[in-house]
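Scroll down for the structure; my scribbles are underneath it.
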Amino acid sequence: MSPLSEKNPLCLPLSVFCLLLLVPLVLLLVGGGGLFIHYSREIVTDSSRAYGQYRASLDLAERGADIRTQLWFLTSTPVWRKNVHAWEECRRQLQSLAAASSQAAPHAHVLLEKLESLRILREQLAKIDALRSEGQTSLLLEQRNALDNQADGLLRSLPELVQHLEQATSAAQDMGAQLRANAVSAQEQENRMLLFLVAAAAYLVLVIWLVQRQVVRPLMGIRGYVGRLGTGVAVEQPPHSHVLVIADIAEALENLAVYLGQATVRSEKIETERTQFRRMSLYDGLTNLYNRRAFDEALQKLWAKARQSGKPLGIVMMDVDKFKVYNDSCGHQAGDVCLRKVAGAVAKAVREGDVAARYGGEEFVVILPDTDKTQAFAAAERIREAVEAVKLPHPGSPAGPYVTVSLGVTAEATAEGSTPTDLVRHADEALYLSKKNGRNRATIYEVSTDGE
């Protein structure tokens with residue numbers, strides 16, 4: 001196997017590789033966004049809780065403003081000073097404010113003490129006014145003046161105390177307003193983050209889609225395209241990509257496919273021509289049988305095989321009887337037709353695995369693997385009868401009215417020191433005897449014939 005075709009066990013598919021790069025990014029984006037949203041919601045929750053405190057502070061501020069208005073009327077309007085119900089209502093609201101706000105409680109208690117003192121002074125002044133109506137004026141007038149001075153002092157201190165109460169409630173109001181602004185800012189920030197996460201997720205989906213369509217699919221198509229180049233299978237063009245380097249690769253592969261197609265055509269043409277040349281070098285152009293070169297190669301191989309197996313190897317050599325007379329009387333073209341028909345008869349008469357060849361001129365030879373003398377003689381008779389059965393007229397033949405052949409047969413085991421040439425020579429000697437004894441016959445080579 002080529003080193004280029006070996007797969008590295010650490011290699012990953014392109015889609016898996018892209019996913020391994022994108023998944024951590026997705027997890028980081030989602031995790032970071034989720035954490036940010038969590039903290040934003042905590043801020044919103046805390047701010048909402050603080051905003052509730054702000055609403056309570058705002059309510060306290062409004063109640064403080066009402067108390068301030070009531071105190072102003074109580075201290076500045078003579079009619080309100082005598083309204084017992086208004087004094088009690090103001091006192092009740094101050095107690096409620098002190099219980100609701102720890103910041104306003106000290107100021108409210110001081111105001112309650114001052115109001116209580118004013119209430120006592122108001123009762124004492126009422127008693128003095130009642131005694132004055134009975135005629136007790138000298139001492140009571142002094143006492144009333146002293147009480148009036150004391151009440152005036154208390155009344156003068158009330159505006160400052162009310163201002164302190166107003167400052168305490170307004171500070172709570174300002175803190176609540178700031179908390180509300182923080183809550184609104186946190187909510188807006190959370191909304192912007194959600195919008196950013198949605199946009200980032202949409203962009204990520206777009207990136208994945210583009211990578212899949214413009215990178216992964218074209219590369220996978222190029223991989224399949226390259227794998228089928230030069231195989232002869234119809235190749236579908238890889239998907240088009242807008243990525244420049246991938247588009248250049250695809251274009252280069254298309255050019256390569258054209259070159260490979262042209263090279264394949266040239267290669268097939270060369271192979272066809274090589275086959276033709278091979279056939280021309282092994283086959284006789286006239287008879288379509290093996291030529292002398294192919295016969296010599298086959299004889300060497302079959303001789304070696306027979307020597308290895310120990311089985312005999314047969315040879316049948318034949319010659320067209322009086323072919324020169326036929327050629328001279330009928331013409332060279334008729335002689336070529338005669339040789340083709342004789343070759344066709346020989347080819348039909350031999351077995352599968354036998355090797356029939358044109359030995360030269362009007363001579364033919366057949367190699368019979370794994371054949372003894374009896375089988376070889378029977379094969380020679382089939383060939384002789386097949387040629388005679390063609391019934392090609394031969395007016396100058398002494399063996400009969402038709403074209404015939406004389407055959408020499410031998411079948412021998414490959415003895416030590418013998419060669420394939422010896423086998424051919426023995427068959428040729430047997431052929432000579434067939435011609436000598438009247439033609440149109442087959443003769444088996446015998447050792448006793450060497451002396452003749």
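By order of appearance in the structure tokens: chains A, B, ..., then residues from 1 within every chain, and ligands from 1 in the order shown.
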Within 6 Å of A:Ile444, counting only C-alpha atoms, which residues qualify if same-chain residues fewer than 3 places away don't, as a PDB file with C-alpha atoms, in the first residue's frame?
```pdb
ATOM      1  CA  VAL A 409       3.723 -37.986 -35.887  1.00  0.00           C
ATOM      2  CA  THR A 410       5.781 -38.456 -32.741  1.00  0.00           C
ATOM      3  CA  ALA A 430       8.147 -39.258 -40.055  1.00  0.00           C
TER       4      ALA A 430
END
```
task = Output as a list in words all residues of stretch 192-415 of chain A that backbone DSSP marks as strand (DSSP E).
result =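 Everything in stretch 192-415 of chain A that counts as strand (DSSP E) is Leu313, Gly314, Ile315, Val316, Met317, Met318, Asp319, Val320, Val355, Ala356, Ala357, Arg358, Tyr359, Gly360, Glu363, Phe364, Val365, Val366, Ile367, Leu368, Val405, Ser406, Leu407, Gly408, Val409, Thr410, Ala411 and Glu412 of chain A.
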Could those residues be written to a file, using N, CA and C atoms, as a PDB file, in the first residue's frame?
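Now in selection-v7.pdb:
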```
ATOM      1  N   LEU A 313       5.030 -35.710 -24.760  1.00  0.00           N
ATOM      2  CA  LEU A 313       4.627 -34.546 -25.533  1.00  0.00           C
ATOM      3  C   LEU A 313       4.598 -34.945 -27.008  1.00  0.00           C
ATOM      4  N   GLY A 314       3.455 -34.670 -27.696  1.00  0.00           N
ATOM      5  CA  GLY A 314       3.297 -35.076 -29.088  1.00  0.00           C
ATOM      6  C   GLY A 314       3.485 -33.931 -30.051  1.00  0.00           C
ATOM      7  N   ILE A 315       3.963 -34.265 -31.267  1.00  0.00           N
ATOM      8  CA  ILE A 315       4.144 -33.295 -32.340  1.00  0.00           C
ATOM      9  C   ILE A 315       3.584 -33.914 -33.624  1.00  0.00           C
ATOM     10  N   VAL A 316       2.783 -33.130 -34.365  1.00  0.00           N
ATOM     11  CA  VAL A 316       2.306 -33.532 -35.690  1.00  0.00           C
ATOM     12  C   VAL A 316       2.762 -32.470 -36.672  1.00  0.00           C
ATOM     13  N   MET A 317       3.589 -32.884 -37.639  1.00  0.00           N
ATOM     14  CA  MET A 317       4.012 -31.977 -38.704  1.00  0.00           C
ATOM     15  C   MET A 317       3.340 -32.416 -39.993  1.00  0.00           C
ATOM     16  N   MET A 318       2.907 -31.425 -40.784  1.00  0.00           N
ATOM     17  CA  MET A 318       2.186 -31.754 -42.021  1.00  0.00           C
ATOM     18  C   MET A 318       2.618 -30.821 -43.127  1.00  0.00           C
ATOM     19  N   ASP A 319       2.387 -31.320 -44.355  1.00  0.00           N
ATOM     20  CA  ASP A 319       2.774 -30.559 -45.540  1.00  0.00           C
ATOM     21  C   ASP A 319       1.682 -30.759 -46.581  1.00  0.00           C
ATOM     22  N   VAL A 320       1.259 -29.665 -47.246  1.00  0.00           N
ATOM     23  CA  VAL A 320       0.252 -29.783 -48.303  1.00  0.00           C
ATOM     24  C   VAL A 320       0.886 -30.520 -49.484  1.00  0.00           C
ATOM     25  N   VAL A 355      -1.669 -26.699 -29.703  1.00  0.00           N
ATOM     26  CA  VAL A 355      -1.126 -25.500 -30.329  1.00  0.00           C
ATOM     27  C   VAL A 355      -0.901 -25.791 -31.813  1.00  0.00           C
ATOM     28  N   ALA A 356      -1.703 -25.098 -32.670  1.00  0.00           N
ATOM     29  CA  ALA A 356      -1.566 -25.248 -34.123  1.00  0.00           C
ATOM     30  C   ALA A 356      -0.869 -24.014 -34.673  1.00  0.00           C
ATOM     31  N   ALA A 357       0.142 -24.238 -35.553  1.00  0.00           N
ATOM     32  CA  ALA A 357       0.925 -23.118 -36.061  1.00  0.00           C
ATOM     33  C   ALA A 357       1.312 -23.379 -37.514  1.00  0.00           C
ATOM     34  N   ARG A 358       1.575 -22.274 -38.231  1.00  0.00           N
ATOM     35  CA  ARG A 358       2.137 -22.382 -39.571  1.00  0.00           C
ATOM     36  C   ARG A 358       3.654 -22.393 -39.423  1.00  0.00           C
ATOM     37  N   TYR A 359       4.257 -23.501 -39.819  1.00  0.00           N
ATOM     38  CA  TYR A 359       5.680 -23.685 -39.613  1.00  0.00           C
ATOM     39  C   TYR A 359       6.489 -22.941 -40.668  1.00  0.00           C
ATOM     40  N   GLY A 360       5.912 -22.791 -41.837  1.00  0.00           N
ATOM     41  CA  GLY A 360       6.597 -22.080 -42.914  1.00  0.00           C
ATOM     42  C   GLY A 360       6.111 -22.574 -44.261  1.00  0.00           C
ATOM     43  N   GLU A 363       3.859 -25.713 -44.826  1.00  0.00           N
ATOM     44  CA  GLU A 363       4.021 -26.639 -43.711  1.00  0.00           C
ATOM     45  C   GLU A 363       3.285 -26.124 -42.463  1.00  0.00           C
ATOM     46  N   PHE A 364       2.652 -27.031 -41.753  1.00  0.00           N
ATOM     47  CA  PHE A 364       1.937 -26.728 -40.518  1.00  0.00           C
ATOM     48  C   PHE A 364       2.414 -27.696 -39.450  1.00  0.00           C
ATOM     49  N   VAL A 365       2.251 -27.316 -38.178  1.00  0.00           N
ATOM     50  CA  VAL A 365       2.674 -28.152 -37.066  1.00  0.00           C
ATOM     51  C   VAL A 365       1.676 -27.983 -35.920  1.00  0.00           C
ATOM     52  N   VAL A 366       1.471 -29.084 -35.187  1.00  0.00           N
ATOM     53  CA  VAL A 366       0.558 -29.067 -34.029  1.00  0.00           C
ATOM     54  C   VAL A 366       1.293 -29.688 -32.855  1.00  0.00           C
ATOM     55  N   ILE A 367       1.281 -29.007 -31.681  1.00  0.00           N
ATOM     56  CA  ILE A 367       1.839 -29.544 -30.434  1.00  0.00           C
ATOM     57  C   ILE A 367       0.697 -30.142 -29.642  1.00  0.00           C
ATOM     58  N   LEU A 368       0.903 -31.385 -29.163  1.00  0.00           N
ATOM     59  CA  LEU A 368      -0.137 -32.106 -28.425  1.00  0.00           C
ATOM     60  C   LEU A 368       0.361 -32.378 -27.006  1.00  0.00           C
ATOM     61  N   VAL A 405      -2.989 -33.620 -47.273  1.00  0.00           N
ATOM     62  CA  VAL A 405      -1.770 -33.329 -46.519  1.00  0.00           C
ATOM     63  C   VAL A 405      -1.108 -34.638 -46.122  1.00  0.00           C
ATOM     64  N   SER A 406       0.218 -34.615 -46.018  1.00  0.00           N
ATOM     65  CA  SER A 406       0.990 -35.725 -45.469  1.00  0.00           C
ATOM     66  C   SER A 406       1.452 -35.320 -44.077  1.00  0.00           C
ATOM     67  N   LEU A 407       1.467 -36.268 -43.118  1.00  0.00           N
ATOM     68  CA  LEU A 407       1.709 -35.933 -41.721  1.00  0.00           C
ATOM     69  C   LEU A 407       2.778 -36.851 -41.140  1.00  0.00           C
ATOM     70  N   GLY A 408       3.622 -36.293 -40.275  1.00  0.00           N
ATOM     71  CA  GLY A 408       4.570 -37.048 -39.483  1.00  0.00           C
ATOM     72  C   GLY A 408       4.239 -36.879 -38.021  1.00  0.00           C
ATOM     73  N   VAL A 409       4.207 -37.994 -37.272  1.00  0.00           N
ATOM     74  CA  VAL A 409       3.723 -37.986 -35.887  1.00  0.00           C
ATOM     75  C   VAL A 409       4.791 -38.540 -34.980  1.00  0.00           C
ATOM     76  N   THR A 410       4.947 -37.902 -33.799  1.00  0.00           N
ATOM     77  CA  THR A 410       5.781 -38.456 -32.741  1.00  0.00           C
ATOM     78  C   THR A 410       5.220 -38.022 -31.406  1.00  0.00           C
ATOM     79  N   ALA A 411       5.435 -38.842 -30.402  1.00  0.00           N
ATOM     80  CA  ALA A 411       5.027 -38.538 -29.032  1.00  0.00           C
ATOM     81  C   ALA A 411       6.054 -39.172 -28.125  1.00  0.00           C
ATOM     82  N   GLU A 412       6.799 -38.388 -27.410  1.00  0.00           N
ATOM     83  CA  GLU A 412       7.919 -38.900 -26.649  1.00  0.00           C
ATOM     84  C   GLU A 412       7.958 -38.279 -25.265  1.00  0.00           C
TER      85      GLU A 412
END
```
List the neighbours of A:Gly344 out to 12 Å using only C-alpha atoms; skip same-chain residues closer than 3 positions along the sequence, and give me the result as a PDB file with C-alpha atoms, in the first residue's frame.
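Produced file selection_35.pdb, reproduced below:
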```pdb
ATOM      1  CA  LEU A 286      -2.481 -15.335 -43.850  1.00  0.00           C
ATOM      2  CA  THR A 287      -3.778 -18.384 -41.931  1.00  0.00           C
ATOM      3  CA  ASN A 288      -4.571 -16.771 -38.531  1.00  0.00           C
ATOM      4  CA  LEU A 289      -2.653 -19.611 -36.844  1.00  0.00           C
ATOM      5  CA  VAL A 337      -7.000 -19.449 -50.340  1.00  0.00           C
ATOM      6  CA  CYS A 338      -5.850 -23.061 -50.219  1.00  0.00           C
ATOM      7  CA  LEU A 339      -3.547 -22.385 -47.253  1.00  0.00           C
ATOM      8  CA  ARG A 340      -6.325 -20.523 -45.369  1.00  0.00           C
ATOM      9  CA  LYS A 341      -8.791 -23.388 -45.838  1.00  0.00           C
ATOM     10  CA  ALA A 347      -7.859 -25.487 -36.270  1.00  0.00           C
ATOM     11  CA  LYS A 348     -11.240 -27.270 -36.141  1.00  0.00           C
ATOM     12  CA  ALA A 349      -9.698 -30.732 -35.824  1.00  0.00           C
ATOM     13  CA  VAL A 350      -7.357 -30.052 -32.873  1.00  0.00           C
ATOM     14  CA  ALA A 356      -1.566 -25.248 -34.123  1.00  0.00           C
ATOM     15  CA  ALA A 357       0.925 -23.118 -36.061  1.00  0.00           C
ATOM     16  CA  ARG A 358       2.137 -22.382 -39.571  1.00  0.00           C
ATOM     17  CA  PHE A 364       1.937 -26.728 -40.518  1.00  0.00           C
ATOM     18  CA  ILE A 383      -6.572 -33.516 -39.211  1.00  0.00           C
ATOM     19  CA  ALA A 386     -10.694 -32.736 -42.030  1.00  0.00           C
ATOM     20  CA  VAL A 387      -8.448 -31.340 -44.762  1.00  0.00           C
ATOM     21  CA  ALA A 389     -13.247 -33.190 -46.341  1.00  0.00           C
ATOM     22  CA  VAL A 390     -12.839 -29.600 -47.558  1.00  0.00           C
TER      23      VAL A 390
END
```
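For the choices A:Glu268, A:Tyr402, A:Ala181, A:Pro218, the atom-to-atom distance to A:Asp248 is smallest for A:Pro218 when using only C-alpha atoms.
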request  = Tell me, in Å to one decimal, how far atom CA of A:His109 is from atom CA of A:Gln93.
outcome  =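 Separation between atom CA of A:His109 and atom CA of A:Gln93: 11.4 Å.
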request  = For A:Ala304, please output as a VMD selection string all residues within 12 Å (counting only C-alpha atoms; exclusion window: fewer than 2 positions along the same chain).
outcome  = chain A and resid 297 to 302 306 to 313 369 413 to 415 418 to 420
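Residues within 12 Å of stretch 194-207 of chain A, counting only C-alpha atoms and excluding same-chain residues fewer than 5 positions away, are Cys18, Leu19, Leu22, Val23, Leu25, Val26, Leu27, Leu28, Leu29, Val30, Gly31, Gly32, Gly33, Gly34, Leu35, Phe36, Ile37, His38, Ser40, Arg41, Gln187, Glu188, Gln189, Gln212, Arg213, Gln214 and Val215 of chain A.
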Take the residues that were just selected and, keeping N, CA and C atoms, output them as a PDB file, in the first residue's frame.
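The new file again-v4.pdb reads:
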```
ATOM      1  N   CYS A  18     -14.907  20.568  12.102  1.00  0.00           N
ATOM      2  CA  CYS A  18     -15.590  21.875  12.202  1.00  0.00           C
ATOM      3  C   CYS A  18     -16.482  21.928  13.435  1.00  0.00           C
ATOM      4  N   LEU A  19     -17.165  20.818  13.737  1.00  0.00           N
ATOM      5  CA  LEU A  19     -18.025  20.796  14.920  1.00  0.00           C
ATOM      6  C   LEU A  19     -17.197  20.946  16.192  1.00  0.00           C
ATOM      7  N   LEU A  22     -16.581  24.554  16.552  1.00  0.00           N
ATOM      8  CA  LEU A  22     -17.744  25.414  16.766  1.00  0.00           C
ATOM      9  C   LEU A  22     -18.441  25.129  18.089  1.00  0.00           C
ATOM     10  N   VAL A  23     -18.468  23.868  18.535  1.00  0.00           N
ATOM     11  CA  VAL A  23     -19.209  23.524  19.755  1.00  0.00           C
ATOM     12  C   VAL A  23     -18.682  24.274  20.972  1.00  0.00           C
ATOM     13  N   LEU A  25     -17.250  27.140  21.052  1.00  0.00           N
ATOM     14  CA  LEU A  25     -17.677  28.530  20.879  1.00  0.00           C
ATOM     15  C   LEU A  25     -19.140  28.704  21.254  1.00  0.00           C
ATOM     16  N   VAL A  26     -19.971  27.754  20.817  1.00  0.00           N
ATOM     17  CA  VAL A  26     -21.403  27.821  21.150  1.00  0.00           C
ATOM     18  C   VAL A  26     -21.603  27.713  22.649  1.00  0.00           C
ATOM     19  N   LEU A  27     -20.913  26.734  23.273  1.00  0.00           N
ATOM     20  CA  LEU A  27     -21.063  26.555  24.721  1.00  0.00           C
ATOM     21  C   LEU A  27     -20.582  27.789  25.478  1.00  0.00           C
ATOM     22  N   LEU A  28     -19.458  28.375  25.037  1.00  0.00           N
ATOM     23  CA  LEU A  28     -18.952  29.582  25.690  1.00  0.00           C
ATOM     24  C   LEU A  28     -19.928  30.734  25.534  1.00  0.00           C
ATOM     25  N   LEU A  29     -20.483  30.881  24.345  1.00  0.00           N
ATOM     26  CA  LEU A  29     -21.429  31.964  24.099  1.00  0.00           C
ATOM     27  C   LEU A  29     -22.699  31.785  24.923  1.00  0.00           C
ATOM     28  N   VAL A  30     -23.232  30.569  24.918  1.00  0.00           N
ATOM     29  CA  VAL A  30     -24.471  30.312  25.665  1.00  0.00           C
ATOM     30  C   VAL A  30     -24.226  30.420  27.165  1.00  0.00           C
ATOM     31  N   GLY A  31     -23.075  29.819  27.639  1.00  0.00           N
ATOM     32  CA  GLY A  31     -22.785  29.885  29.073  1.00  0.00           C
ATOM     33  C   GLY A  31     -22.559  31.305  29.557  1.00  0.00           C
ATOM     34  N   GLY A  32     -21.757  32.065  28.788  1.00  0.00           N
ATOM     35  CA  GLY A  32     -21.517  33.449  29.181  1.00  0.00           C
ATOM     36  C   GLY A  32     -22.786  34.282  29.157  1.00  0.00           C
ATOM     37  N   GLY A  33     -23.593  34.080  28.116  1.00  0.00           N
ATOM     38  CA  GLY A  33     -24.860  34.811  28.051  1.00  0.00           C
ATOM     39  C   GLY A  33     -25.794  34.439  29.180  1.00  0.00           C
ATOM     40  N   GLY A  34     -25.864  33.119  29.484  1.00  0.00           N
ATOM     41  CA  GLY A  34     -26.729  32.681  30.586  1.00  0.00           C
ATOM     42  C   GLY A  34     -26.267  33.247  31.915  1.00  0.00           C
ATOM     43  N   LEU A  35     -24.937  33.271  32.151  1.00  0.00           N
ATOM     44  CA  LEU A  35     -24.423  33.834  33.401  1.00  0.00           C
ATOM     45  C   LEU A  35     -24.722  35.323  33.495  1.00  0.00           C
ATOM     46  N   PHE A  36     -24.569  36.014  32.372  1.00  0.00           N
ATOM     47  CA  PHE A  36     -24.854  37.448  32.372  1.00  0.00           C
ATOM     48  C   PHE A  36     -26.333  37.706  32.659  1.00  0.00           C
ATOM     49  N   ILE A  37     -27.187  36.908  32.057  1.00  0.00           N
ATOM     50  CA  ILE A  37     -28.627  37.072  32.289  1.00  0.00           C
ATOM     51  C   ILE A  37     -28.969  36.781  33.753  1.00  0.00           C
ATOM     52  N   HIS A  38     -28.295  35.750  34.317  1.00  0.00           N
ATOM     53  CA  HIS A  38     -28.558  35.412  35.722  1.00  0.00           C
ATOM     54  C   HIS A  38     -28.229  36.585  36.633  1.00  0.00           C
ATOM     55  N   SER A  40     -27.921  39.709  35.756  1.00  0.00           N
ATOM     56  CA  SER A  40     -28.815  40.829  35.442  1.00  0.00           C
ATOM     57  C   SER A  40     -30.154  40.662  36.145  1.00  0.00           C
ATOM     58  N   ARG A  41     -30.647  39.427  36.168  1.00  0.00           N
ATOM     59  CA  ARG A  41     -31.931  39.195  36.843  1.00  0.00           C
ATOM     60  C   ARG A  41     -31.810  39.397  38.346  1.00  0.00           C
ATOM     61  N   GLN A 187     -32.597  46.453  33.725  1.00  0.00           N
ATOM     62  CA  GLN A 187     -33.561  45.831  32.823  1.00  0.00           C
ATOM     63  C   GLN A 187     -33.207  46.128  31.364  1.00  0.00           C
ATOM     64  N   GLU A 188     -32.829  47.377  31.097  1.00  0.00           N
ATOM     65  CA  GLU A 188     -32.421  47.725  29.730  1.00  0.00           C
ATOM     66  C   GLU A 188     -31.172  46.947  29.313  1.00  0.00           C
ATOM     67  N   GLN A 189     -30.225  46.801  30.250  1.00  0.00           N
ATOM     68  CA  GLN A 189     -29.003  46.057  29.943  1.00  0.00           C
ATOM     69  C   GLN A 189     -29.318  44.581  29.656  1.00  0.00           C
ATOM     70  N   GLN A 212     -20.905  24.741   5.999  1.00  0.00           N
ATOM     71  CA  GLN A 212     -21.386  23.464   5.456  1.00  0.00           C
ATOM     72  C   GLN A 212     -21.564  23.533   3.942  1.00  0.00           C
ATOM     73  N   ARG A 213     -22.118  24.645   3.457  1.00  0.00           N
ATOM     74  CA  ARG A 213     -22.451  24.756   2.035  1.00  0.00           C
ATOM     75  C   ARG A 213     -21.250  25.133   1.176  1.00  0.00           C
ATOM     76  N   GLN A 214     -20.385  26.018   1.695  1.00  0.00           N
ATOM     77  CA  GLN A 214     -19.299  26.545   0.872  1.00  0.00           C
ATOM     78  C   GLN A 214     -17.958  25.851   1.121  1.00  0.00           C
ATOM     79  N   VAL A 215     -17.834  25.084   2.218  1.00  0.00           N
ATOM     80  CA  VAL A 215     -16.559  24.433   2.523  1.00  0.00           C
ATOM     81  C   VAL A 215     -16.704  22.920   2.613  1.00  0.00           C
TER      82      VAL A 215
END
```
